[in-house]
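S.K.: The file below is query-v2.csv, CSV, C-alpha atoms:
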```
chain,number,residue,atom,x,y,z
A,1,MET,CA,189.5,171.3,175.2
A,2,THR,CA,191.4,169.6,172.4
A,3,SER,CA,191.3,170.8,168.9
A,4,SER,CA,191.9,168.4,165.9
A,5,PHE,CA,193.6,169.6,162.7
A,6,VAL,CA,191.5,168.9,159.6
A,7,PRO,CA,193.6,169.2,156.4
A,8,PRO,CA,192.0,171.2,153.6
A,9,PRO,CA,190.3,169.2,150.9
A,10,HIS,CA,192.3,168.5,147.8
A,11,ASP,CA,189.9,169.0,145.0
A,12,ASP,CA,192.4,168.3,142.3
A,13,PHE,CA,193.2,164.8,143.5
A,14,PRO,CA,190.5,163.1,141.4
A,15,SER,CA,191.5,165.0,138.3
A,16,LYS,CA,195.1,164.0,138.7
A,17,VAL,CA,194.0,160.3,139.0
A,18,ALA,CA,191.9,160.7,135.9
A,19,GLU,CA,194.8,162.3,134.0
A,20,THR,CA,197.1,159.5,135.1
A,21,ASP,CA,194.6,156.8,134.0
A,22,LEU,CA,194.1,158.6,130.7
A,23,SER,CA,197.9,158.9,130.1
A,24,SER,CA,198.4,155.2,130.8
A,25,LYS,CA,195.5,154.2,128.5
A,26,VAL,CA,196.9,156.5,125.7
A,27,ALA,CA,200.4,155.0,126.2
A,28,GLU,CA,199.0,151.5,126.2
A,29,ILE,CA,197.0,152.1,123.0
A,30,ALA,CA,200.0,153.7,121.3
A,31,ILE,CA,202.2,150.7,122.2
A,32,ARG,CA,199.6,148.3,120.9
A,33,LEU,CA,199.2,150.3,117.6
A,34,GLY,CA,203.0,150.5,117.3
A,35,VAL,CA,203.4,146.7,117.7
A,36,LEU,CA,200.5,146.1,115.3
A,37,ALA,CA,202.1,148.4,112.7
A,38,VAL,CA,205.4,146.7,113.1
A,39,VAL,CA,203.8,143.3,112.6
A,40,LEU,CA,201.8,144.5,109.5
A,41,ILE,CA,204.9,146.1,107.9
A,42,TRP,CA,206.9,142.9,108.6
A,43,CYS,CA,204.2,140.7,107.1
A,44,PHE,CA,204.1,143.0,104.0
A,45,GLN,CA,207.8,142.8,103.5
A,46,ILE,CA,207.7,139.0,103.8
A,47,LEU,CA,204.9,138.7,101.3
A,48,GLN,CA,206.0,141.5,99.0
A,49,PRO,CA,207.7,139.1,96.5
A,50,PHE,CA,204.4,137.2,96.2
A,51,ILE,CA,202.1,140.1,95.8
A,52,ILE,CA,202.2,140.5,92.0
A,53,PRO,CA,201.7,136.7,91.4
A,54,LEU,CA,198.9,136.7,94.0
A,55,VAL,CA,197.1,139.7,92.4
A,56,TRP,CA,197.5,138.1,89.0
A,57,GLY,CA,196.2,134.8,90.3
A,58,ILE,CA,193.1,136.5,91.7
A,59,ILE,CA,192.5,138.3,88.5
A,60,ILE,CA,192.9,135.1,86.4
A,61,ALA,CA,190.7,133.1,88.7
A,62,VAL,CA,187.9,135.7,88.7
A,63,ALA,CA,188.1,136.1,84.9
A,64,ILE,CA,187.9,132.4,84.1
A,65,HIS,CA,185.6,131.3,86.9
A,66,PRO,CA,182.5,131.0,84.7
A,67,LEU,CA,184.4,128.6,82.4
A,68,TYR,CA,185.6,126.7,85.5
A,69,LEU,CA,182.0,126.2,86.6
A,70,LYS,CA,180.9,124.8,83.3
A,71,LEU,CA,183.9,122.4,83.2
A,72,ARG,CA,183.2,121.3,86.8
A,73,ASN,CA,179.6,120.5,86.0
A,74,LEU,CA,180.7,118.4,83.0
A,75,LEU,CA,183.1,116.5,85.2
A,76,GLY,CA,180.5,115.7,87.9
A,77,ASP,CA,181.5,118.3,90.4
A,78,GLN,CA,185.2,117.3,90.5
A,79,ARG,CA,186.6,120.6,91.7
A,80,VAL,CA,190.3,119.8,91.9
A,81,ILE,CA,190.4,117.9,88.6
A,82,ALA,CA,188.4,120.6,86.8
A,83,ALA,CA,190.8,123.3,88.1
A,84,ILE,CA,193.9,121.4,87.2
A,85,LEU,CA,192.6,120.5,83.7
A,86,LEU,CA,191.5,124.1,83.0
A,87,ILE,CA,194.8,125.7,84.2
A,88,THR,CA,196.8,123.1,82.2
A,89,VAL,CA,194.9,123.7,79.0
A,90,LEU,CA,195.0,127.5,79.4
A,91,LEU,CA,198.8,127.4,80.1
A,92,ALA,CA,199.3,125.3,77.0
A,93,LEU,CA,197.2,127.6,74.9
A,94,LEU,CA,199.0,130.7,76.1
A,95,MET,CA,202.6,129.4,76.4
A,96,VAL,CA,202.8,127.8,73.0
A,97,PRO,CA,202.1,131.0,71.1
A,98,THR,CA,204.4,132.9,73.5
A,99,VAL,CA,207.2,130.5,72.8
A,100,MET,CA,206.6,130.6,69.1
A,101,LEU,CA,206.5,134.4,69.1
A,102,THR,CA,209.7,134.5,71.2
A,103,ASN,CA,211.5,132.2,68.8
A,104,LEU,CA,210.3,134.3,65.9
A,105,LEU,CA,211.5,137.5,67.6
A,106,VAL,CA,214.9,136.0,68.4
A,107,HIS,CA,215.2,134.7,64.8
A,108,ASN,CA,214.3,138.1,63.3
A,109,VAL,CA,216.8,140.0,65.5
A,110,VAL,CA,219.6,137.5,64.9
A,111,THR,CA,219.0,137.6,61.1
A,112,LEU,CA,219.0,141.4,61.0
A,113,ALA,CA,222.2,141.6,63.1
A,114,GLU,CA,224.0,139.0,60.9
A,115,GLN,CA,223.0,140.8,57.7
A,116,PHE,CA,224.1,144.1,59.1
A,117,LEU,CA,227.4,142.9,60.3
A,118,HIS,CA,228.2,141.1,57.0
A,119,GLY,CA,227.1,144.1,54.9
A,120,GLN,CA,224.2,142.1,53.5
A,121,PHE,CA,221.5,144.3,54.8
A,122,THR,CA,220.5,146.7,52.0
A,123,ILE,CA,217.7,149.1,51.6
A,124,PRO,CA,216.2,149.4,48.0
A,125,PRO,CA,216.2,152.8,46.3
A,126,THR,CA,213.4,155.2,47.1
A,127,PRO,CA,210.2,154.5,45.0
A,128,GLU,CA,209.3,157.5,42.8
A,129,ALA,CA,205.7,157.4,44.1
A,130,ILE,CA,206.9,158.4,47.6
A,131,ARG,CA,208.5,161.6,46.2
A,132,ASN,CA,205.2,162.8,44.9
A,133,TRP,CA,203.4,162.5,48.3
A,134,PRO,CA,202.3,166.0,49.6
A,135,LEU,CA,204.2,167.5,52.6
A,136,VAL,CA,205.9,164.4,53.8
A,137,GLY,CA,207.1,162.9,50.5
A,138,GLU,CA,210.3,164.9,50.2
A,139,PRO,CA,211.6,164.4,53.8
A,140,ILE,CA,210.9,160.7,53.6
A,141,ALA,CA,212.6,160.4,50.2
A,142,LYS,CA,215.7,162.2,51.5
A,143,MET,CA,216.0,160.0,54.5
A,144,TRP,CA,215.3,156.9,52.4
A,145,ASP,CA,218.0,157.9,49.8
A,146,LEU,CA,220.5,158.4,52.6
A,147,ALA,CA,219.7,155.0,54.1
A,148,SER,CA,219.9,153.2,50.8
A,149,THR,CA,223.3,154.7,50.0
A,150,ASN,CA,224.9,155.1,53.4
A,151,LEU,CA,223.0,153.3,56.1
A,152,ILE,CA,225.6,154.1,58.8
A,153,GLU,CA,225.1,157.9,58.3
A,154,ALA,CA,221.3,157.4,58.3
A,155,LEU,CA,221.5,155.5,61.6
A,156,LYS,CA,223.7,158.3,63.1
A,157,LEU,CA,220.9,160.7,62.6
A,158,VAL,CA,218.6,158.7,64.8
A,159,GLN,CA,221.3,157.5,67.2
A,160,PRO,CA,219.6,158.8,70.4
A,161,GLN,CA,216.3,157.1,69.6
A,162,LEU,CA,218.2,153.9,68.7
A,163,ARG,CA,220.1,154.0,72.0
A,164,ALA,CA,216.9,154.5,74.0
A,165,ALA,CA,215.2,151.6,72.1
A,166,GLY,CA,218.2,149.4,72.7
A,167,ILE,CA,218.2,150.0,76.4
A,168,TRP,CA,214.5,149.3,76.5
A,169,LEU,CA,214.9,146.0,74.6
A,170,ILE,CA,217.8,144.9,76.9
A,171,ASN,CA,215.7,145.6,80.0
A,172,ALA,CA,212.7,143.8,78.4
A,173,ALA,CA,214.8,140.8,77.6
A,174,ALA,CA,216.3,140.7,81.1
A,175,SER,CA,212.9,140.7,82.7
A,176,ALA,CA,211.3,138.3,80.3
A,177,GLY,CA,212.4,135.1,82.2
A,178,MET,CA,211.2,136.4,85.5
A,179,GLY,CA,207.9,137.5,83.8
A,180,ILE,CA,207.4,133.9,82.5
A,181,ILE,CA,208.0,132.5,86.0
A,182,ILE,CA,205.5,135.0,87.6
A,183,PHE,CA,203.1,134.1,84.8
A,184,ILE,CA,203.2,130.4,85.6
A,185,ALA,CA,203.0,131.0,89.3
A,186,ALA,CA,200.0,133.2,88.8
A,187,PHE,CA,198.2,130.4,87.0
A,188,VAL,CA,199.1,127.9,89.7
A,189,ILE,CA,197.6,130.3,92.3
A,190,ALA,CA,194.5,130.8,90.1
A,191,GLY,CA,194.1,127.0,90.0
A,192,VAL,CA,194.2,126.8,93.8
A,193,LEU,CA,191.7,129.6,94.2
A,194,LEU,CA,189.4,127.9,91.7
A,195,ALA,CA,189.6,124.6,93.5
A,196,TYR,CA,188.6,126.3,96.7
A,197,SER,CA,186.4,128.9,95.0
A,198,GLU,CA,183.6,128.7,97.6
A,199,GLY,CA,185.9,129.5,100.5
A,200,SER,CA,187.6,132.3,98.5
A,201,TYR,CA,184.2,133.7,97.6
A,202,GLN,CA,183.0,133.7,101.2
A,203,LEU,CA,186.3,135.2,102.4
A,204,ALA,CA,186.1,138.1,99.9
A,205,HIS,CA,182.5,138.9,100.8
A,206,ARG,CA,183.3,138.7,104.6
A,207,ILE,CA,186.1,141.2,104.1
A,208,SER,CA,183.9,143.5,102.0
A,209,ARG,CA,181.1,143.4,104.5
A,210,ARG,CA,183.6,144.1,107.3
A,211,LEU,CA,184.9,147.2,105.4
A,212,VAL,CA,181.7,148.8,104.0
A,213,GLY,CA,178.9,147.1,106.0
A,214,GLU,CA,175.7,145.8,104.6
A,215,ARG,CA,176.5,146.9,101.0
A,216,GLY,CA,179.7,144.8,101.1
A,217,ASP,CA,178.2,142.1,98.9
A,218,ASP,CA,177.3,144.6,96.2
A,219,PHE,CA,180.9,146.0,96.1
A,220,ALA,CA,182.4,142.5,96.0
A,221,ASN,CA,180.2,141.6,93.1
A,222,LEU,CA,181.1,144.9,91.4
A,223,ALA,CA,184.9,144.2,91.7
A,224,GLU,CA,184.3,140.7,90.3
A,225,ALA,CA,182.3,142.0,87.3
A,226,THR,CA,184.9,144.8,86.7
A,227,ILE,CA,187.8,142.3,86.4
A,228,ARG,CA,185.9,140.2,83.8
A,229,SER,CA,184.9,143.4,81.9
A,230,VAL,CA,188.5,144.7,81.7
A,231,ALA,CA,189.8,141.2,80.8
A,232,ARG,CA,187.4,141.0,77.9
A,233,GLY,CA,187.3,144.6,76.8
A,234,VAL,CA,191.0,145.6,77.1
A,235,LEU,CA,193.3,142.6,77.1
A,236,GLY,CA,191.0,140.3,75.0
A,237,VAL,CA,190.5,142.9,72.3
A,238,ALA,CA,194.3,143.7,72.3
A,239,VAL,CA,195.3,140.0,71.9
A,240,ILE,CA,192.8,139.5,69.1
A,241,GLN,CA,194.1,142.6,67.2
A,242,ALA,CA,197.7,141.6,67.7
A,243,LEU,CA,197.1,138.0,66.5
A,244,LEU,CA,195.2,139.2,63.4
A,245,ALA,CA,197.8,141.8,62.6
A,246,GLY,CA,200.6,139.2,62.9
A,247,LEU,CA,198.8,136.9,60.5
A,248,GLY,CA,198.4,139.8,58.1
A,249,PHE,CA,202.1,140.6,58.3
A,250,ILE,CA,203.0,137.0,57.6
A,251,PHE,CA,200.6,136.8,54.6
A,252,ALA,CA,201.9,140.0,53.1
A,253,GLY,CA,205.5,139.1,53.6
A,254,VAL,CA,206.4,142.0,55.9
A,255,PRO,CA,209.9,141.5,57.4
A,256,ALA,CA,210.2,140.9,61.1
A,257,ALA,CA,206.5,140.1,61.5
A,258,GLY,CA,206.9,138.8,65.0
A,259,ILE,CA,208.4,142.1,66.2
A,260,TRP,CA,205.6,144.2,64.7
A,261,ALA,CA,203.0,141.8,66.1
A,262,LEU,CA,204.5,142.3,69.6
A,263,LEU,CA,204.5,146.0,69.2
A,264,CYS,CA,200.8,145.9,68.1
A,265,LEU,CA,200.0,144.0,71.2
A,266,ILE,CA,201.7,146.6,73.5
A,267,LEU,CA,200.2,149.5,71.7
A,268,ALA,CA,196.7,147.9,71.8
A,269,VAL,CA,197.0,147.3,75.5
A,270,VAL,CA,198.0,150.9,76.3
A,271,GLN,CA,195.1,152.0,74.1
A,272,ILE,CA,197.3,153.9,71.5
A,273,GLY,CA,196.1,151.5,68.8
A,274,VAL,CA,197.7,149.4,66.2
A,275,GLY,CA,197.5,152.0,63.5
A,276,ILE,CA,201.0,153.3,64.2
A,277,ILE,CA,202.4,149.9,63.1
A,278,VAL,CA,199.8,148.9,60.6
A,279,VAL,CA,199.8,152.1,58.4
A,280,PRO,CA,203.5,152.0,57.6
A,281,ALA,CA,203.2,148.3,56.9
A,282,ILE,CA,200.4,149.0,54.4
A,283,ILE,CA,202.6,151.6,52.7
A,284,TYR,CA,205.5,149.2,52.6
A,285,VAL,CA,203.4,146.5,51.0
A,286,PHE,CA,201.9,148.9,48.4
A,287,VAL,CA,205.4,150.1,47.5
A,288,THR,CA,207.2,146.7,47.4
A,289,GLY,CA,204.4,144.1,46.7
A,290,ASP,CA,201.9,143.4,44.1
A,291,THR,CA,198.6,145.3,43.9
A,292,LEU,CA,196.3,142.4,44.8
A,293,THR,CA,198.2,141.5,48.0
A,294,ALA,CA,198.4,145.2,49.0
A,295,VAL,CA,194.7,145.7,48.5
A,296,ILE,CA,193.8,142.6,50.5
A,297,PHE,CA,196.3,143.6,53.2
A,298,LEU,CA,194.7,147.1,53.3
A,299,ILE,CA,191.2,145.8,53.7
A,300,TRP,CA,192.4,143.3,56.4
A,301,ASN,CA,194.1,146.0,58.5
A,302,VAL,CA,191.2,148.4,58.2
A,303,MET,CA,189.0,145.7,59.7
A,304,ILE,CA,191.5,145.2,62.5
A,305,MET,CA,191.6,148.9,63.3
A,306,LEU,CA,187.8,149.1,63.3
A,307,LEU,CA,187.6,146.0,65.4
A,308,ASP,CA,188.5,148.0,68.4
A,309,ASN,CA,185.5,150.3,68.0
A,310,VAL,CA,183.2,147.4,67.6
A,311,LEU,CA,184.3,144.9,70.3
A,312,LYS,CA,185.2,147.3,73.1
A,313,PRO,CA,181.7,148.9,73.5
A,314,LEU,CA,180.2,145.4,73.5
A,315,LEU,CA,182.7,143.9,76.0
A,316,LEU,CA,183.9,146.7,78.2
A,317,GLY,CA,181.5,147.5,81.0
A,318,ARG,CA,179.2,144.6,80.2
A,319,GLY,CA,177.6,143.2,83.3
A,320,VAL,CA,178.9,146.2,85.4
A,321,GLY,CA,176.5,148.8,86.8
A,322,VAL,CA,179.0,151.5,86.0
A,323,PRO,CA,179.4,153.6,82.8
A,324,MET,CA,181.9,152.3,80.3
A,325,ALA,CA,183.8,155.6,80.5
A,326,VAL,CA,184.5,155.0,84.2
A,327,ILE,CA,185.9,151.6,83.5
A,328,PHE,CA,187.9,152.8,80.6
A,329,LEU,CA,189.5,155.8,82.5
A,330,GLY,CA,190.2,153.6,85.5
A,331,ALA,CA,191.9,150.9,83.3
A,332,ILE,CA,194.1,153.5,81.4
A,333,GLY,CA,194.9,155.5,84.5
A,334,GLY,CA,195.9,152.3,86.4
A,335,LEU,CA,198.0,151.1,83.4
A,336,LEU,CA,199.9,154.4,83.3
A,337,MET,CA,200.5,154.3,87.1
A,338,SER,CA,201.1,150.7,87.8
A,339,GLY,CA,201.6,148.8,84.6
A,340,ILE,CA,199.5,145.9,83.3
A,341,VAL,CA,198.2,145.0,86.8
A,342,GLY,CA,197.0,148.6,87.1
A,343,LEU,CA,194.6,147.9,84.2
A,344,PHE,CA,192.5,145.9,86.6
A,345,VAL,CA,193.3,147.6,89.9
A,346,GLY,CA,192.6,151.0,88.4
A,347,ALA,CA,189.3,150.0,86.9
A,348,ILE,CA,188.2,148.3,90.1
A,349,VAL,CA,189.2,151.3,92.4
A,350,LEU,CA,187.5,153.9,90.1
A,351,ALA,CA,184.4,151.7,89.8
A,352,LEU,CA,184.1,151.3,93.5
A,353,GLY,CA,184.8,155.0,94.0
A,354,TYR,CA,182.0,155.8,91.5
A,355,LYS,CA,179.6,153.6,93.4
A,356,LEU,CA,180.5,155.1,96.8
A,357,PHE,CA,180.0,158.5,95.3
A,358,GLN,CA,176.5,157.4,94.1
A,359,VAL,CA,175.7,156.1,97.6
A,360,TRP,CA,176.8,159.3,99.2
A,361,LEU,CA,174.6,161.4,96.8
A,362,ASN,CA,171.6,159.1,97.4
A,363,MET,CA,172.1,159.4,101.2
A,364,GLY,CA,172.0,163.2,100.8
A,365,THR,CA,168.9,163.1,98.7
A,366,LEU,CA,167.1,160.8,101.1
A,367,SER,CA,168.0,163.0,104.1
A,368,SER,CA,166.8,166.1,102.3
A,369,ALA,CA,163.5,164.4,101.4
A,370,ARG,CA,163.0,163.3,105.0
A,371,SER,CA,163.7,166.8,106.4
A,372,VAL,CA,161.2,168.3,103.9
A,373,GLN,CA,158.6,165.7,104.8
A,374,GLN,CA,159.0,166.4,108.5
A,375,SER,CA,158.7,170.1,108.1
A,376,SER,CA,155.7,170.1,105.9
A,377,PRO,CA,152.3,171.2,107.4
A,378,GLU,CA,150.6,167.9,106.6
A,379,SER,CA,153.2,165.9,108.5
A,380,SER,CA,153.0,168.2,111.5
A,381,SER,CA,149.2,167.9,111.7
```
Once you've parsed the file, please lay out its structure as structure tokens.
M.R.:
Amino acid sequence: MTSSFVPPPHDDFPSKVAETDLSSKVAEIAIRLGVLAVVLIWCFQILQPFIIPLVWGIIIAVAIHPLYLKLRNLLGDQRVIAAILLITVLLALLMVPTVMLTNLLVHNVVTLAEQFLHGQFTIPPTPEAIRNWPLVGEPIAKMWDLASTNLIEALKLVQPQLRAAGIWLINAAASAGMGIIIFIAAFVIAGVLLAYSEGSYQLAHRISRRLVGERGDDFANLAEATIRSVARGVLGVAVIQALLAGLGFIFAGVPAAGIWALLCLILAVVQIGVGIIVVPAIIYVFVTGDTLTAVIFLIWNVMIMLLDNVLKPLLLGRGVGVPMAVIFLGAIGGLLMSGIVGLFVGAIVLALGYKLFQVWLNMGTLSSARSVQQSSPESSS
């Protein structure tokens, strides 16, 4: 009688096979994700120099798209010709004042520097009216007296502030040329996007639907409306205020009008307001000019300062299903975080976040209503 040896069953063999398969799948997924991450980072580094012009091109194209549609209809649906013509006209309208303002700034700075070096830059004596001002009259008069008698000593008192301002001006001048190149490149990109606006529109909506599902079209439309709202309500109002303030400075004979107009534009964009520049200019005109010019200049600048309160509520948030406060906070927060581009990016992100928050709240309300309806006696019967 022969007996055969039967090995005991190995119950852990299937589990070891499963663990091996799981480890291989995890390793394969990790390798794929690593390769994908490397490719994405590599692509980002290659495209990084073009990101800012591309973002600006998208912003410009979205902002002027309604004007492009009107021009295209007038030209008989000539898309490329309409895009080229519109971009050329807008570049001319924007570059000519930019060049004129730059020349005026350079002329003012050179004139002030030459007068200072040759000892021709003099400050008139302090007007007696300033000494009688409450609280601030005496300190201003002391500083003015020192500047009119010994300008070098007066400048030494504000030397740290002057050094910081000089460094800022040098950096701004160094980056001005690159800024103009980026500006022109952004308009060229905007022209290409306008010429192929239908394809760009479909691509943007496909991406948004891929990201957020069936509500993707709503979010894409919201981003589009937000860009136009910020372009009108922030940049548009700032440009109008700066141009009007510059005209007032020239009319009233304020020295270095181009520099003050540029500062008004910067302050209006960052939402500080033009009052910091305009109020001292009004005081200067009242002290040095005739009464009629000073009164007209005062009324003109009061209208400019009130213009911000009139135009912004009309333009900011118009056509956007989001409160104006959300757009405003997003634009200012984005500006402080990322510069001028952040005006638009911040407003868009905060508007989209607000809409997503609303959707989340509505989903909670709907689910609560459904649970209440299912648990009611009438529904159970």
S.K.: To one decimal in Å, tell me the separation between CA of Phe344 (chain A) and CA of Tyr201 (chain A).
M.R.: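 For CA of Phe344 (chain A) relative to CA of Tyr201 (chain A), the distance reads 18.4 Å.
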S.K.: From (202.8, 136.2, 91.2), in the file's coordinates, out to 12 Å: which residues are reached, counting all atoms listed in the file? Answer as a list in words.
M.R.: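 Residues found, by chain and rising number: Leu47, Gln48, Pro49, Phe50, Ile51, Ile52, Pro53, Leu54, Val55, Trp56, Gly57, Ile58, Ile59, Ile60, Met178, Gly179, Ile180, Ile181, Ile182, Phe183, Ile184, Ala185, Ala186, Phe187, Val188, Ile189, Ala190 and Val341 of chain A.
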S.K.: The selected residues should be written to file as an mmCIF file, in the coordinates of the input (atoms: C-alpha atoms).
M.R.:
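Just written: selection.cif:
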```
data_model
loop_
_atom_site.group_PDB
_atom_site.id
_atom_site.type_symbol
_atom_site.label_atom_id
_atom_site.label_comp_id
_atom_site.auth_asym_id
_atom_site.auth_seq_id
_atom_site.Cartn_x
_atom_site.Cartn_y
_atom_site.Cartn_z
ATOM 1 C CA LEU A 47 204.900 138.700 101.300
ATOM 2 C CA GLN A 48 206.000 141.500 99.000
ATOM 3 C CA PRO A 49 207.700 139.100 96.500
ATOM 4 C CA PHE A 50 204.400 137.200 96.200
ATOM 5 C CA ILE A 51 202.100 140.100 95.800
ATOM 6 C CA ILE A 52 202.200 140.500 92.000
ATOM 7 C CA PRO A 53 201.700 136.700 91.400
ATOM 8 C CA LEU A 54 198.900 136.700 94.000
ATOM 9 C CA VAL A 55 197.100 139.700 92.400
ATOM 10 C CA TRP A 56 197.500 138.100 89.000
ATOM 11 C CA GLY A 57 196.200 134.800 90.300
ATOM 12 C CA ILE A 58 193.100 136.500 91.700
ATOM 13 C CA ILE A 59 192.500 138.300 88.500
ATOM 14 C CA ILE A 60 192.900 135.100 86.400
ATOM 15 C CA MET A 178 211.200 136.400 85.500
ATOM 16 C CA GLY A 179 207.900 137.500 83.800
ATOM 17 C CA ILE A 180 207.400 133.900 82.500
ATOM 18 C CA ILE A 181 208.000 132.500 86.000
ATOM 19 C CA ILE A 182 205.500 135.000 87.600
ATOM 20 C CA PHE A 183 203.100 134.100 84.800
ATOM 21 C CA ILE A 184 203.200 130.400 85.600
ATOM 22 C CA ALA A 185 203.000 131.000 89.300
ATOM 23 C CA ALA A 186 200.000 133.200 88.800
ATOM 24 C CA PHE A 187 198.200 130.400 87.000
ATOM 25 C CA VAL A 188 199.100 127.900 89.700
ATOM 26 C CA ILE A 189 197.600 130.300 92.300
ATOM 27 C CA ALA A 190 194.500 130.800 90.100
ATOM 28 C CA VAL A 341 198.200 145.000 86.800
#
```
S.K.: Given all atoms listed in the file as the basis, pick out the residue of A:Arg79, A:Leu69, A:Gln358, A:Ile46 nearest to Val192 (chain A).
M.R.: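 Ranked by minimum distance to Val192 (chain A), first place goes to A:Arg79.
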S.K.: Between CA of Gly236 (chain A) and CA of Ala268 (chain A), what is the distance, to one decimal in Å?
M.R.: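 For CA of Gly236 (chain A) relative to CA of Ala268 (chain A), the distance reads 10.0 Å.
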S.K.: Give me, as a PyMOL selection string, all polymer residues having an atom no more than 12 Å from region 208-210 of chain A, counting all atoms listed in the file and skipping those fewer than 3 positions away in the same chain.
M.R.: chain A and resi 201-205+213-223+352
S.K.: Between CA of Val326 (chain A) and CA of Arg232 (chain A), what is the spacing in Å?
M.R.: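 Separation between CA of Arg232 (chain A) and CA of Val326 (chain A): 15.6 Å.
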S.K.: Quick one: residues within 12 Å of Asn309 (chain A), only C-alpha atoms, excluding same-chain residues fewer than 2 positions away - as a PyMOL selection string?
M.R.: chain A and resi 233-234+237-238+241+271+273+302-307+311-316
S.K.: Just the residues within 8 Å of Val80 (chain A), please, counting all atoms listed in the file, with nothing from its chain fewer than 3 positions along; format it as a ChimeraX atom specification.
M.R.: /A:83-84,195
S.K.: Which polymer residues have any atom within 12 Å of an atom of Pro323 (chain A), counting all atoms listed in the file, with same-chain residues fewer than 6 positions away left out, as a PDB file with C-alpha atoms, in the frame of the given file?
M.R.:
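File out-v7.pdb, as written:
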```pdb
ATOM      1  CA  THR A 226     184.900 144.800  86.700  1.00  0.00           C
ATOM      2  CA  SER A 229     184.900 143.400  81.900  1.00  0.00           C
ATOM      3  CA  PRO A 313     181.700 148.900  73.500  1.00  0.00           C
ATOM      4  CA  LEU A 316     183.900 146.700  78.200  1.00  0.00           C
ATOM      5  CA  GLY A 317     181.500 147.500  81.000  1.00  0.00           C
ATOM      6  CA  LEU A 329     189.500 155.800  82.500  1.00  0.00           C
ATOM      7  CA  GLY A 330     190.200 153.600  85.500  1.00  0.00           C
ATOM      8  CA  ALA A 347     189.300 150.000  86.900  1.00  0.00           C
ATOM      9  CA  LEU A 350     187.500 153.900  90.100  1.00  0.00           C
ATOM     10  CA  ALA A 351     184.400 151.700  89.800  1.00  0.00           C
ATOM     11  CA  LEU A 352     184.100 151.300  93.500  1.00  0.00           C
ATOM     12  CA  TYR A 354     182.000 155.800  91.500  1.00  0.00           C
ATOM     13  CA  LYS A 355     179.600 153.600  93.400  1.00  0.00           C
TER      14      LYS A 355
END
```
S.K.: With only C-alpha atoms as the atoms that count, which of A:Arg228, A:Thr293, A:Ala331, A:Asn301 lies nearest to Ala242 (chain A)?
M.R.: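 Nearest candidate to Ala242 (chain A) out of A:Arg228, A:Thr293, A:Ala331, A:Asn301: A:Asn301.
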S.K.: List the spatial neighbours of Tyr284 (chain A) as a list in words - criterion: any atom at most 10 Å away, only C-alpha atoms, same-chain residues fewer than 5 positions off excluded.
M.R.: Ala252, Val254, Val278, Val279, Gly289 and Ala294 of chain A
S.K.: Write the residues of the preceding selection, restricted to C-alpha atoms, as a PDB file, in the coordinates of the input.
M.R.:
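As written to disk, selection-v9.pdb reads:
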```pdb
ATOM      1  CA  ALA A 252     201.900 140.000  53.100  1.00  0.00           C
ATOM      2  CA  VAL A 254     206.400 142.000  55.900  1.00  0.00           C
ATOM      3  CA  VAL A 278     199.800 148.900  60.600  1.00  0.00           C
ATOM      4  CA  VAL A 279     199.800 152.100  58.400  1.00  0.00           C
ATOM      5  CA  GLY A 289     204.400 144.100  46.700  1.00  0.00           C
ATOM      6  CA  ALA A 294     198.400 145.200  49.000  1.00  0.00           C
TER       7      ALA A 294
END
```
